[in-house]
>>> print(open('my_file-v2.cif').read())   # mmCIF, C-alpha atoms
data_final
#
loop_
_atom_site.label_atom_id
_atom_site.label_comp_id
_atom_site.auth_asym_id
_atom_site.auth_seq_id
_atom_site.Cartn_x
_atom_site.Cartn_y
_atom_site.Cartn_z
CA MET C 1 0.00 0.00 0.00
CA ALA C 2 1.32 3.43 -0.93
CA ALA C 3 2.28 5.76 1.89
CA PRO C 4 0.01 8.74 2.32
CA ALA C 5 1.09 11.88 0.58
CA GLN C 6 3.09 14.30 2.65
CA GLY C 7 3.49 18.06 2.51
CA ALA C 8 -0.01 19.10 3.38
CA PRO C 9 0.47 21.93 5.91
CA GLY C 10 -3.18 21.85 6.86
CA LEU C 11 -2.96 18.19 7.90
CA ALA C 12 0.22 18.88 9.86
CA ALA C 13 -1.52 21.68 11.73
CA LEU C 14 -4.49 19.45 12.49
CA ASP C 15 -2.14 16.72 13.75
CA GLU C 16 -0.45 19.21 16.07
CA LEU C 17 -3.82 20.49 17.27
CA ALA C 18 -5.04 16.95 17.92
CA GLY C 19 -1.85 16.26 19.82
CA ASN C 20 -2.44 19.20 22.09
CA PHE C 21 -5.81 17.75 23.05
CA THR C 22 -4.57 14.18 23.58
CA TYR C 23 -5.30 13.50 27.23
CA GLY C 24 -3.54 10.66 29.00
CA ALA C 25 -2.65 8.83 25.82
CA ARG C 26 0.27 6.42 25.99
CA GLY C 27 3.24 6.54 23.73
CA ALA C 28 4.52 9.62 21.99
CA GLY C 29 1.44 11.72 22.54
CA ASN C 30 1.94 15.37 23.36
CA GLY C 31 -1.38 16.14 25.00
CA SER C 32 -1.62 18.47 27.95
CA LEU C 33 -2.04 15.57 30.37
CA SER C 34 0.37 13.10 28.78
CA GLY C 35 3.70 12.22 30.29
CA ALA C 36 5.62 13.27 27.18
CA TRP C 37 3.99 16.69 27.24
CA TYR C 38 4.96 17.14 30.89
CA ARG C 39 8.56 16.08 30.24
CA ARG C 40 8.93 18.54 27.37
CA ASN C 41 7.33 21.42 29.22
CA GLN C 42 8.58 21.03 32.78
CA LEU C 43 10.46 24.34 32.75
CA HIS C 44 7.55 26.12 31.09
CA LEU C 45 5.13 24.78 33.67
CA PHE C 46 7.43 25.93 36.45
CA GLY C 47 7.48 29.41 34.90
CA VAL C 48 3.70 29.38 34.57
CA LEU C 49 3.35 28.34 38.21
CA LEU C 50 5.65 31.16 39.32
CA ALA C 51 3.71 33.69 37.22
CA ILE C 52 0.29 32.55 38.49
CA LEU C 53 1.42 32.50 42.12
CA GLY C 54 3.12 35.86 41.68
CA ASN C 55 -0.01 37.45 40.22
CA LEU C 56 -2.19 35.95 42.97
CA VAL C 57 0.15 37.36 45.63
CA ILE C 58 -0.09 40.76 43.91
CA SER C 59 -3.90 40.49 44.04
CA ILE C 60 -3.75 39.75 47.79
CA SER C 61 -1.36 42.66 48.34
CA LEU C 62 -3.66 45.11 46.54
CA ASN C 63 -6.61 44.05 48.68
CA ILE C 64 -4.54 44.30 51.88
CA GLN C 65 -3.57 47.85 50.96
CA LYS C 66 -7.19 48.67 50.22
CA TYR C 67 -8.27 47.17 53.55
CA SER C 68 -5.66 49.26 55.37
CA HIS C 69 -7.07 52.42 53.76
CA LEU C 70 -10.58 51.43 54.85
CA GLN C 71 -9.37 50.89 58.41
CA LEU C 72 -7.66 54.27 58.51
CA ALA C 73 -10.80 55.94 57.17
CA HIS C 74 -12.86 54.65 60.11
CA GLN C 75 -10.47 56.03 62.72
CA GLU C 76 -11.39 59.20 64.56
CA HIS C 77 -7.92 60.62 64.01
CA PRO C 78 -6.64 58.90 60.88
CA ARG C 79 -2.90 58.52 60.39
CA PRO C 80 -1.07 58.80 57.07
CA PHE C 81 -1.32 55.51 55.18
CA PHE C 82 2.46 55.05 55.05
CA LYS C 83 2.50 54.73 58.85
CA SER C 84 0.25 51.68 58.72
CA VAL C 85 1.95 48.32 59.32
CA LEU C 86 -0.81 46.60 57.31
CA TRP C 87 -0.16 48.85 54.32
CA TRP C 88 3.55 48.06 54.40
CA GLY C 89 2.67 44.37 54.63
CA GLY C 90 0.77 44.76 51.36
CA ILE C 91 3.77 46.50 49.77
CA LEU C 92 6.03 43.65 50.89
CA LEU C 93 3.68 41.05 49.40
CA MET C 94 3.60 43.01 46.14
CA ALA C 95 7.40 42.90 46.00
CA VAL C 96 7.25 39.12 46.52
CA GLY C 97 4.69 38.75 43.71
CA GLU C 98 6.73 40.87 41.29
CA THR C 99 9.79 38.78 42.14
CA GLY C 100 7.83 35.67 41.17
CA ASN C 101 6.88 37.27 37.85
CA PHE C 102 10.49 38.27 37.26
CA ALA C 103 11.72 34.72 37.90
CA ALA C 104 9.01 33.26 35.63
CA TYR C 105 10.52 34.97 32.57
CA GLY C 106 13.69 32.96 33.11
CA PHE C 107 11.87 29.64 32.64
CA ALA C 108 9.13 30.29 30.07
CA PRO C 109 8.63 32.36 26.90
CA ILE C 110 7.48 35.98 27.08
CA THR C 111 4.47 35.05 24.97
CA LEU C 112 3.38 32.66 27.72
CA ILE C 113 4.09 34.74 30.84
CA ALA C 114 2.93 38.21 29.74
CA PRO C 115 -0.76 37.34 29.06
CA LEU C 116 -1.04 35.66 32.48
CA GLY C 117 -1.24 39.13 33.99
CA CYS C 118 -5.00 38.67 33.69
CA VAL C 119 -4.74 36.44 36.79
CA SER C 120 -3.87 39.49 38.89
CA VAL C 121 -6.94 41.46 37.74
CA THR C 122 -9.46 38.64 38.01
CA GLY C 123 -7.91 37.35 41.24
CA SER C 124 -8.14 40.79 42.83
CA ALA C 125 -11.84 41.00 41.97
CA PHE C 126 -12.49 37.55 43.47
CA ILE C 127 -10.56 38.30 46.67
CA SER C 128 -12.33 41.63 47.15
CA VAL C 129 -15.68 39.82 46.95
CA MET C 130 -14.61 37.18 49.47
CA PHE C 131 -12.86 39.32 52.06
CA LEU C 132 -13.91 42.94 51.49
CA LYS C 133 -17.56 41.98 50.91
CA GLU C 134 -17.81 43.80 47.60
CA ASN C 135 -20.64 42.99 45.22
CA LEU C 136 -20.23 40.06 42.85
CA ARG C 137 -21.73 40.89 39.49
CA ALA C 138 -22.69 38.57 36.66
CA SER C 139 -20.07 40.26 34.47
CA ASP C 140 -17.44 39.37 37.09
CA LEU C 141 -18.29 35.67 36.90
CA LEU C 142 -18.33 35.73 33.11
CA GLY C 143 -15.05 37.66 32.99
CA MET C 144 -13.32 35.25 35.39
CA THR C 145 -14.56 32.28 33.35
CA LEU C 146 -13.31 33.78 30.08
CA ALA C 147 -9.96 34.68 31.63
CA PHE C 148 -9.54 31.14 32.96
CA ALA C 149 -10.44 29.64 29.55
CA GLY C 150 -8.05 32.02 27.81
CA SER C 151 -5.25 31.17 30.24
CA TYR C 152 -5.81 27.46 29.60
CA LEU C 153 -5.48 27.96 25.84
CA LEU C 154 -2.38 30.11 26.35
CA VAL C 155 -0.64 27.46 28.42
CA ASN C 156 -1.46 24.73 25.89
CA PHE C 157 -0.74 26.61 22.66
CA ALA C 158 2.05 29.02 23.59
CA PRO C 159 5.38 28.38 21.84
CA ALA C 160 6.92 25.15 23.16
CA ILE C 161 10.50 26.33 22.68
CA THR C 162 13.13 25.73 25.32
CA GLN C 163 16.22 27.89 24.96
CA ALA C 164 18.99 28.51 27.46
CA ILE C 165 19.39 32.27 27.80
CA SER C 166 23.14 32.80 27.84
CA ALA C 167 25.00 36.07 27.37
CA ARG C 168 26.27 35.02 23.93
CA ILE C 169 22.72 34.27 22.73
CA ILE C 170 21.48 37.65 23.99
CA GLN C 171 24.39 39.38 22.23
CA SER C 172 23.58 37.66 18.94
CA TYR C 173 19.89 38.55 19.23
CA PHE C 174 20.73 42.14 20.22
CA VAL C 175 22.70 42.86 17.04
CA SER C 176 20.45 40.95 14.63
CA TRP C 177 19.13 43.08 11.78
CA LYS C 178 15.49 42.17 12.50
CA PHE C 179 15.70 43.47 16.07
CA LEU C 180 17.64 46.58 15.02
CA ILE C 181 14.91 47.47 12.51
CA TYR C 182 12.28 46.79 15.18
CA LEU C 183 14.16 48.96 17.69
CA ILE C 184 14.59 51.87 15.27
CA LEU C 185 10.90 51.71 14.34
CA GLU C 186 9.87 51.63 18.00
CA ILE C 187 12.10 54.60 18.89
CA PHE C 188 10.67 56.54 15.94
CA ILE C 189 7.07 55.86 17.01
CA PHE C 190 7.90 56.65 20.65
CA CYS C 191 9.38 60.03 19.68
CA ILE C 192 6.31 60.92 17.60
CA VAL C 193 3.87 59.96 20.38
CA LEU C 194 6.01 61.75 22.98
CA TYR C 195 6.00 64.88 20.79
CA PHE C 196 2.20 64.96 20.74
CA TYR C 197 2.11 64.22 24.48
CA LYS C 198 4.62 66.90 25.51
CA ARG C 199 4.47 69.62 22.85
CA LYS C 200 0.84 69.38 21.77
CA GLY C 201 -0.51 68.61 25.23
CA MET C 202 -2.45 65.54 24.08
CA LYS C 203 -3.30 63.67 27.30
CA HIS C 204 -5.66 61.08 25.85
CA ILE C 205 -5.50 57.70 27.59
CA MET C 206 -4.48 55.99 24.35
CA ILE C 207 -1.53 58.38 23.93
CA ILE C 208 -0.24 57.82 27.47
CA LEU C 209 -0.69 54.05 27.46
CA THR C 210 0.93 53.77 24.02
CA LEU C 211 4.05 55.27 25.58
CA VAL C 212 3.78 52.72 28.38
CA ALA C 213 3.37 49.86 25.90
CA LEU C 214 6.37 50.90 23.81
CA LEU C 215 8.50 50.93 26.95
CA ALA C 216 6.95 47.61 28.01
CA SER C 217 8.44 45.83 25.01
CA LEU C 218 11.94 46.81 26.15
CA THR C 219 11.03 45.82 29.70
CA ALA C 220 9.89 42.37 28.60
CA ILE C 221 13.02 41.77 26.52
CA SER C 222 15.41 42.96 29.25
CA VAL C 223 13.58 41.20 32.10
CA LYS C 224 13.74 37.86 30.28
CA ALA C 225 17.39 38.46 29.41
CA VAL C 226 18.40 39.31 33.00
CA SER C 227 16.27 36.58 34.56
CA GLY C 228 17.41 34.00 31.99
CA MET C 229 21.09 34.82 32.47
CA ILE C 230 20.72 34.57 36.25
CA ALA C 231 19.02 31.17 35.86
CA PHE C 232 21.76 30.06 33.45
CA SER C 233 24.38 31.18 35.97
CA VAL C 234 22.76 29.03 38.67
CA THR C 235 22.36 25.90 36.53
CA ASP C 236 25.40 26.11 34.26
CA LYS C 237 28.12 28.72 33.70
CA ILE C 238 28.26 32.15 35.36
CA GLN C 239 26.96 34.89 33.04
CA LEU C 240 27.22 37.94 35.29
CA THR C 241 30.69 38.85 34.02
CA TYR C 242 29.45 39.74 30.53
CA PRO C 243 28.74 43.44 29.77
CA ILE C 244 25.44 42.54 28.04
CA PHE C 245 24.02 41.48 31.42
CA TYR C 246 24.51 44.98 32.85
CA ILE C 247 23.31 46.64 29.66
CA MET C 248 20.07 44.67 29.89
CA PHE C 249 19.84 45.39 33.61
CA ILE C 250 20.08 49.16 33.00
CA ILE C 251 17.47 48.95 30.22
CA MET C 252 15.17 47.01 32.56
CA ILE C 253 15.44 49.57 35.39
CA ALA C 254 15.13 52.63 33.13
CA SER C 255 12.13 51.31 31.18
CA CYS C 256 10.36 50.29 34.42
CA VAL C 257 10.89 53.74 35.97
CA PHE C 258 9.46 55.58 32.96
CA GLN C 259 6.57 53.13 32.71
CA VAL C 260 5.63 53.90 36.31
CA LYS C 261 5.87 57.63 35.57
CA PHE C 262 3.47 57.47 32.61
CA LEU C 263 1.13 55.04 34.41
CA HIS C 264 0.96 57.43 37.36
CA GLN C 265 0.00 60.22 34.97
CA ALA C 266 -2.71 58.03 33.42
CA THR C 267 -4.23 57.13 36.81
CA LYS C 268 -4.28 60.83 37.78
CA LEU C 269 -6.24 61.77 34.66
CA TYR C 270 -8.49 58.73 34.24
CA ASN C 271 -10.38 56.24 36.38
CA THR C 272 -8.49 53.10 37.32
CA ALA C 273 -11.30 51.02 35.81
CA MET C 274 -10.36 52.53 32.43
CA VAL C 275 -6.58 52.37 32.82
CA VAL C 276 -6.27 48.74 34.01
CA PRO C 277 -7.89 46.87 31.06
CA VAL C 278 -6.43 49.12 28.36
CA ASN C 279 -2.96 48.90 29.88
CA HIS C 280 -3.26 45.11 30.17
CA VAL C 281 -4.10 44.78 26.47
CA PHE C 282 -1.41 47.23 25.34
CA PHE C 283 1.28 45.76 27.60
CA THR C 284 0.52 42.16 26.63
CA THR C 285 0.40 42.92 22.91
CA SER C 286 3.67 44.84 23.07
CA ALA C 287 5.37 42.06 25.08
CA ILE C 288 4.16 39.38 22.62
CA ILE C 289 5.53 41.35 19.65
CA ALA C 290 8.83 41.77 21.49
CA GLY C 291 9.04 38.05 22.24
CA ILE C 292 8.33 37.14 18.62
CA THR C 293 10.84 39.68 17.26
CA PHE C 294 13.73 39.31 19.70
CA TYR C 295 13.48 35.70 20.90
CA LYS C 296 11.80 34.23 17.76
CA GLU C 297 9.29 32.46 19.98
CA PHE C 298 6.82 31.47 17.23
CA PHE C 299 9.48 30.28 14.81
CA GLY C 300 8.21 27.12 13.05
CA ALA C 301 4.81 27.07 14.79
CA ALA C 302 1.74 25.93 12.82
CA PHE C 303 -0.81 28.55 11.78
CA LEU C 304 -3.65 26.85 13.66
CA THR C 305 -1.60 26.78 16.87
CA ILE C 306 -0.85 30.50 16.52
CA PHE C 307 -4.53 31.21 15.83
CA ILE C 308 -5.72 29.37 18.95
CA TYR C 309 -3.02 31.08 21.01
CA PHE C 310 -4.23 34.53 19.97
CA PHE C 311 -7.82 33.43 20.53
CA GLY C 312 -6.80 32.60 24.10
CA CYS C 313 -5.30 36.11 24.38
CA PHE C 314 -8.58 37.56 23.14
CA LEU C 315 -10.56 35.62 25.75
CA SER C 316 -8.28 36.83 28.55
CA PHE C 317 -8.54 40.44 27.29
CA LEU C 318 -12.33 40.16 27.18
CA GLY C 319 -12.37 38.68 30.68
CA VAL C 320 -10.34 41.59 32.08
CA PHE C 321 -12.65 44.12 30.40
CA LEU C 322 -15.73 42.45 31.85
CA VAL C 323 -14.27 42.29 35.36
CA THR C 324 -13.31 45.98 35.33
CA ARG C 325 -16.36 47.15 33.36
CA ASN C 326 -18.35 49.87 35.16
CA ARG C 327 -16.45 49.10 38.37
CA GLU C 328 -16.41 52.55 39.87
CA LYS C 329 -13.76 53.50 42.34
CA GLU C 330 -14.86 52.66 45.87
CA HIS C 331 -15.54 55.73 47.98
CA LEU C 332 -14.05 55.61 51.41
CA PRO C 333 -16.30 56.63 54.34
CA GLN C 334 -15.60 60.30 54.94
CA SER C 335 -15.15 61.95 58.31
CA TYR C 336 -16.12 65.38 57.06
CA ILE C 337 -19.56 66.99 57.61
CA ASP C 338 -21.97 67.14 54.71
CA PHE C 339 -23.85 70.41 55.25
CA GLY C 340 -26.31 69.42 52.58
CA ASN C 341 -27.84 66.93 55.02
CA ILE C 342 -28.49 69.44 57.84
CA PRO C 343 -32.26 70.07 58.12
CA GLY C 344 -33.25 73.53 56.98
CA LYS C 345 -29.95 74.13 55.22
CA GLN C 346 -29.06 73.74 51.57
CA THR C 347 -25.68 74.49 50.05
CA LEU C 348 -24.49 74.65 46.51
CA ASP C 349 -21.38 72.60 47.27
CA LYS C 350 -20.28 70.02 49.79
CA ILE C 351 -17.14 70.36 51.78
CA GLN C 352 -14.67 67.99 50.20
CA PRO C 353 -11.48 66.53 51.63
CA ASP C 354 -8.17 68.01 50.61
CA SER C 355 -6.80 65.67 47.93
CA ASN C 356 -3.26 66.79 48.71
CA GLY C 357 -3.47 66.15 52.43
CA LEU C 358 -2.47 63.08 54.38
CA SER C 359 -5.74 62.70 56.25
CA TYR C 360 -9.03 61.22 55.09
CA GLY C 361 -11.60 63.95 54.65
CA THR C 362 -11.21 66.04 57.83
CA LEU C 363 -12.34 69.62 57.75
CA PRO C 364 -9.54 72.13 57.17
CA ASP C 365 -9.00 74.51 60.07
CA GLY C 366 -10.77 77.82 59.85
CA SER C 367 -13.04 76.88 56.96
CA ASP C 368 -16.73 77.74 57.12
CA SER C 369 -18.82 76.95 54.10
CA THR C 370 -21.96 78.43 55.63
CA LYS C 371 -20.69 81.99 55.39
CA GLY C 372 -21.60 84.23 52.52
CA PRO C 373 -24.74 84.44 50.41
CA SER C 374 -23.34 82.11 47.77
CA ALA C 375 -22.68 79.32 50.22
CA GLU C 376 -26.23 78.60 51.33
CA LYS C 377 -29.86 79.22 50.48
CA LYS C 378 -32.57 79.29 53.09
CA GLU C 379 -35.34 76.82 52.62
CA VAL C 380 -38.60 78.48 51.67
#
>>> encode(input="my_file-v2.cif", output="structure tokens")
Amino acid sequence: MAAPAQGAPGLAALDELAGNFTYGARGAGNGSLSGAWYRRNQLHLFGVLLAILGNLVISISLNIQKYSHLQLAHQEHPRPFFKSVLWWGGILLMAVGETGNFAAYGFAPITLIAPLGCVSVTGSAFISVMFLKENLRASDLLGMTLAFAGSYLLVNFAPAITQAISARIIQSYFVSWKFLIYLILEIFIFCIVLYFYKRKGMKHIMIILTLVALLASLTAISVKAVSGMIAFSVTDKIQLTYPIFYIMFIIMIASCVFQVKFLHQATKLYNTAMVVPVNHVFFTTSAIIAGITFYKEFFGAAFLTIFIYFFGCFLSFLGVFLVTRNREKEHLPQSYIDFGNIPGKQTLDKIQPDSNGLSYGTLPDGSDSTKGPSAEKKEV
């Protein structure tokens, strides 16, 4: 009997797809529950575990900080938040979570770790419902489900490449013509967007978060390089004596600092519920492009595998949008007096807390909003 014809890329893609859904099959199967799949992806799974745990710890830290603010708001004489031991505990946990994310890049591809940031957003919403007694909406449940489904597809269909990140490999990638063209193009776009942001005064959320995303691509490349070289130094030969390690380390620190600066500006101008999902999409997309360009993470992958991977990204993006959709910023209980609620009195404005102060809504000394004809109107 003649052997079946070879060279059909569509059949090869279907074979790879079927392999990814082969559960518990014996032999050379590569399904997500088969022994061969586990053996090939042990390092990737370790990186995924670090990323998921890191993002969950970040979610817990955010809710601890929020809880500390709520506690301070209920005190008769509130202290500044940075004097709260609970708040500093949340900061410490956040540092631990970010360390887990940093380490994850040393064991798994950027295209696998970066989209898992959705775990932090959805996990924070779930924890706030459980422990801060916030409302659980139907969109939250749907968003968490979509994010979980997207994460599952990402883990199964992300690039299954395993490369040791040594200093010589980073050097060769750094001077490759594809990356140099990508870097020049990114610098050109960054300068144009920065011109409109600084000179033209365009403060639109898309402008600010585009700057963040362009910096994020350099952050993703440098974080994986530094983390990978540290991991290579532990398991094989020391890499910390090469200049490229310190070049990447400086790029990592500088890009992170400027990202924080632009993100702070975005959160000052726009609601957090708007900034978080847009930044997640922009950051993840930029990191994926950086991983494909610099580390060649989709080299040789089948089209159908790439399609399902990006479908998983879309599901996680949609889940984040649903979780943050119409989630208004929680208002802390205020210790100031609302003169609009005094019987027989009606004012045009309420006394508001000083946004630049360290206290939570106390009345400023010497202020009296009831004076003057414009401050109140007698009830007829």
>>> resolve_selection(input="my_file-v2.cif", expression="the PyMOL selection byres ((chain C and resi 190-192) around 12)", output="list in words")
Leu183, Ile184, Leu185, Glu186, Ile187, Phe188, Ile189, Val193, Leu194, Tyr195, Phe196, Tyr197, Lys198, Arg199, Lys200, Met202, Ile207, Ile208, Leu209, Thr210, Leu211, Val212, Ala213, Leu214, Leu215, Ala216, Ser217 and Leu218 of chain C
>>> closest_residue(input="my_file-v2.cif", among="C:His74, C:His204, C:Ser68, C:Pro159", to="Phe303 in chain C", atoms="only C-alpha atoms")
C:Pro159
>>> atom_distance(input="my_file-v2.cif", atom1="CA of Ser222 in chain C", atom2="CA of Met248 in chain C")
5.0 Å
>>> closest_residue(input="my_file-v2.cif", among="C:Gly291, C:Gly106, C:Gly54, C:Gly89", to="Ser120 in chain C", atoms="only C-alpha atoms")
C:Gly54
>>> resolve_selection(input="my_file-v2.cif", expression="the PyMOL selection byres ((chain C and resi 110) around 8)", output="VMD selection string")
chain C and resid 105 108 to 109 111 to 114 220 224 287 to 288 291
>>> closest_residue(input="my_file-v2.cif", among="C:Phe317, C:Tyr295, C:Tyr67, C:Phe245", to="Leu132 in chain C", atoms="all atoms listed in the file")
C:Tyr67
>>> residues_around(input="my_file-v2.cif", residues="Gly228 in chain C", least_positions_apart="6", cutoff="9 Å", atoms="all atoms listed in the file", output="list in words")
Ala103, Tyr105, Gly106, Phe107, Ala164, Ile165 and Ser166 of chain C
>>> resolve_selection(input="my_file-v2.cif", expression="the PyMOL selection byres ((chain C and resi 314) around 12)", output="list of chain:residue names")
C:Pro115, C:Cys118, C:Gly143, C:Leu146, C:Ala147, C:Phe148, C:Ala149, C:Gly150, C:Ser151, C:Leu153, C:Leu154, C:His280, C:Val281, C:Thr284, C:Thr285, C:Phe307, C:Ile308, C:Tyr309, C:Phe310, C:Phe311, C:Gly312, C:Cys313, C:Leu315, C:Ser316, C:Phe317, C:Leu318, C:Gly319, C:Val320, C:Phe321
>>> atom_distance(input="my_file-v2.cif", atom1="CA of Asp140 in chain C", atom2="CA of Arg325 in chain C")
8.7 Å
>>> residues_around(input="my_file-v2.cif", residues="Val48 in chain C", least_positions_apart="2", cutoff="8 Å", atoms="all atoms listed in the file", output="PyMOL selection string")
chain C and resi 44-46+50-52+104+108+112-113+155
>>> atom_distance(input="my_file-v2.cif", atom1="CA of Ile292 in chain C", atom2="CA of Leu49 in chain C")
22.0 Å
>>> residues_around(input="my_file-v2.cif", residues="Val96 in chain C", least_positions_apart="3", cutoff="8 Å", atoms="all atoms listed in the file", output="number ranges by chain")
C: 54, 57-58, 92-93, 99-100
>>> write_last_selection(input="my_file-v2.cif", atoms="C-alpha atoms", output="mmCIF file, keeping the file's coordinate frame")
data_model
loop_
_atom_site.group_PDB
_atom_site.id
_atom_site.type_symbol
_atom_site.label_atom_id
_atom_site.label_comp_id
_atom_site.auth_asym_id
_atom_site.auth_seq_id
_atom_site.Cartn_x
_atom_site.Cartn_y
_atom_site.Cartn_z
ATOM 1 C CA GLY C 54 3.120 35.860 41.680
ATOM 2 C CA VAL C 57 0.150 37.360 45.630
ATOM 3 C CA ILE C 58 -0.090 40.760 43.910
ATOM 4 C CA LEU C 92 6.030 43.650 50.890
ATOM 5 C CA LEU C 93 3.680 41.050 49.400
ATOM 6 C CA THR C 99 9.790 38.780 42.140
ATOM 7 C CA GLY C 100 7.830 35.670 41.170
#
>>> closest_residue(input="my_file-v2.cif", among="C:Asn271, C:Asn101, C:Ser172, C:Ser233", to="Leu116 in chain C", atoms="only C-alpha atoms")
C:Asn101
>>> closest_residue(input="my_file-v2.cif", among="C:Lys203, C:Lys133, C:Lys296, C:Lys178", to="Lys268 in chain C", atoms="only C-alpha atoms")
C:Lys203
>>> residues_around(input="my_file-v2.cif", residues="Ile205 in chain C", least_positions_apart="5", cutoff="8 Å", atoms="all atoms listed in the file", output="PyMOL selection string")
chain C and resi 266+270+275
>>> residues_around(input="my_file-v2.cif", residues="Phe126 in chain C", least_positions_apart="3", cutoff="12 Å", atoms="only C-alpha atoms", output="compact mmCIF listing (two decimals) with C-alpha atoms, in the coordinates of the input")
# COMPACT_ATOMS: atom_id res chain seq x y z
CA LEU C 56 -2.19 35.95 42.97
CA SER C 59 -3.90 40.49 44.04
CA ILE C 60 -3.75 39.75 47.79
CA ASN C 63 -6.61 44.05 48.68
CA VAL C 119 -4.74 36.44 36.79
CA SER C 120 -3.87 39.49 38.89
CA VAL C 121 -6.94 41.46 37.74
CA THR C 122 -9.46 38.64 38.01
CA GLY C 123 -7.91 37.35 41.24
CA VAL C 129 -15.68 39.82 46.95
CA MET C 130 -14.61 37.18 49.47
CA PHE C 131 -12.86 39.32 52.06
CA LEU C 132 -13.91 42.94 51.49
CA LYS C 133 -17.56 41.98 50.91
CA GLU C 134 -17.81 43.80 47.60
CA ASN C 135 -20.64 42.99 45.22
CA LEU C 136 -20.23 40.06 42.85
CA ARG C 137 -21.73 40.89 39.49
CA ASP C 140 -17.44 39.37 37.09
CA LEU C 141 -18.29 35.67 36.90
CA GLY C 143 -15.05 37.66 32.99
CA MET C 144 -13.32 35.25 35.39
CA THR C 145 -14.56 32.28 33.35
CA VAL C 323 -14.27 42.29 35.36
CA THR C 324 -13.31 45.98 35.33
>>> closest_residue(input="my_file-v2.cif", among="C:Met94, C:Trp88, C:Ala158, C:Gln75", to="Phe298 in chain C", atoms="only C-alpha atoms")
C:Ala158
